[in-house]
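Below is one structure; the comments refer to it alone.
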Amino acid sequence: MSTNPPLRCRVELDLAALRTNLDRIRARLAPGAPLIAMVKADAYGLGVKHVVPALRDAGVRCFGVASADEARELRALGVEDRVVVFGPFAPGMERAVVEARAEATVSDLATIERFAAAARHGAVPIHLEIDTGMGRAGVPARIAEKTAADFGAALSADGVRWAGVFTHLHSADEPGRPGAAEQLDAFRRVVAGLAPPPSVEVHVANSAAAFWDALPPGVGARPGIYLYGAPVPGGPTPAPVAALRATIVRVVDAPVGATVGYGSTHRAASRERWATAAIGYGDGLPRALSNRGGALIHGVRSRIVGRVSMDLTVLDVTGREDVRPGDDATFVGVDGPAEVTLAEVAGHAETIPYEVLTGLAPRVPRLVSGPPPAPRNR
């Protein structure tokens, strides 16, 4: 019997499920196609110190982050593999990227020149981003077509090495993937004009695009959310990687008319039983789940009543005698024959699975667990 006190709440990580999802992405790519595993935002909230070693054990040798600080964190963990920091970068930011011995994405000629000037440990690997409609970064495709020779020359200069060229599909996860065909056509024209050497990686696919049959052969992928257990259109149901559980700390019978939570947004219309779980929006449980989300206790669903507080959330367990303090409430993940999926939680909260995962607070312990039980009912 364990003598460890129960945790308020916790995130359980199934690294075998992570590997399963990675293998499904890999199966969609041509042999040798580049793969950059996106581990920004602390591996989408799950913890790079757990996720990156598991991906490395599975053979991943290139990781994507959003800042030089994130690249340095990987280096501090002993990761000596390739790390790509995705920009764009304001003047002066290039020095930190170089110091982290990372690769960089660029959106203009001036940034390439700054990286060349900042080079310290040999040539800085550069990935040229082509903006085909995302609009937030990259060289606009129409400009890249006209200035291909200029970019080719800049990427051949001392201090930099042309490592990759890529674009980002803005609606790969939307029904019908609107605009994707046009984006890919524009990208093909730019790449043809740039005529990159064979050593330059070409990567296009995010998680959703990796499962698109029309994806150009040989291009690489930058998977993120699918690795961590969220579904994407056209892809197989991902193995659930993360479970969010909290401990029940109080069970009480509520009389008719009793209220619960800030603003007393729930009032008992009859006698009810309420179970308080030690989790709240301070832990990353979306406040938008108030009076609409739920959790599993012993594999049975219970709905949230009242507003989600910073540290506590109340569940309606009326008619149940099996719920006691010390029991687990599963807000995301598998419990017995049932599952609360990331997509379900995101739907109740009117957001996306990305925000659910990255919103998990640092104070919530991340624990590595074994594979989930089967079968699972959706």
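Letters A, B, ... mark the chains of the structure tokens in the order given; residue numbers begin at 1 per chain; ligand numbers begin at 1, in order shown.
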Just the alpha helix (DSSP H) stuff from segment 57-194 of chain A, please, per backbone DSSP, written as a ChimeraX atom specification.
/A:57,68-76,94-99,109-118,141-146,148-154,180-194
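The list of residues with at least one atom within 9 Å of Arg120 of chain A, based on only C-alpha atoms and without residues fewer than 5 positions apart in the same chain, reads Val98, Glu99, Arg101 and Gly159 of chain A.
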Please provide the set of residues having any atom within 7 Å of segment 16-32 of chain A, restricted to only C-alpha atoms, with same-chain residues fewer than 6 positions apart removed, written as a PyMOL selection string.
chain A and resi 58+210-211+217-218+220+226-228+238-241+371
Pull the closest atom pair for each residue of segment 208-251 of chain A that gets at most 9 Å from segment 353-365 of chain A, along with the distance in Å to one decimal, counting only C-alpha atoms, ordering rows by chain and then ascending residue number, as a tab-separated table.
residue	atom	partner	partner_atom	distance
A:Ile225	CA	A:Tyr354	CA	6.7
A:Tyr228	CA	A:Leu357	CA	8.8
A:Ala230	CA	A:Pro353	CA	6.4
A:Pro231	CA	A:Pro353	CA	8.9
A:Ala242	CA	A:Leu357	CA	8.7
Produce a file of the selected residues containing C-alpha atoms, as a PDB file, in the first residue's frame.
ATOM      1  CA  ILE A 225      -1.465  18.312 -31.560  1.00  0.00           C
ATOM      2  CA  TYR A 228      -0.578  14.608 -27.911  1.00  0.00           C
ATOM      3  CA  ALA A 230      -6.231  15.354 -30.186  1.00  0.00           C
ATOM      4  CA  PRO A 231      -8.067  14.241 -33.346  1.00  0.00           C
ATOM      5  CA  ALA A 242      -2.973  12.788 -21.356  1.00  0.00           C
TER       6      ALA A 242
END
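Distances from A:Gly47, A:Pro255, A:Gly347, A:Gly306 to Thr318 of chain A were compared using only C-alpha atoms, and the smallest one belongs to A:Pro255.
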So which residues touch segment 171-187 of chain A within 7 Å, counting only C-alpha atoms, skipping near sequence neighbours fewer than 3 positions away, as a PyMOL selection string?
chain A and resi 132-133+141+190-191+208-209+232-233
Which residue gives the smallest distance to Arg366 of chain A among A:Leu296, A:Ala243, A:Leu77, A:Ala148, with only C-alpha atoms counted?
A:Ala243
Separation of atom CA of Ala288 of chain A and atom CA of Tyr262 of chain A, in Å?
13.5 Å
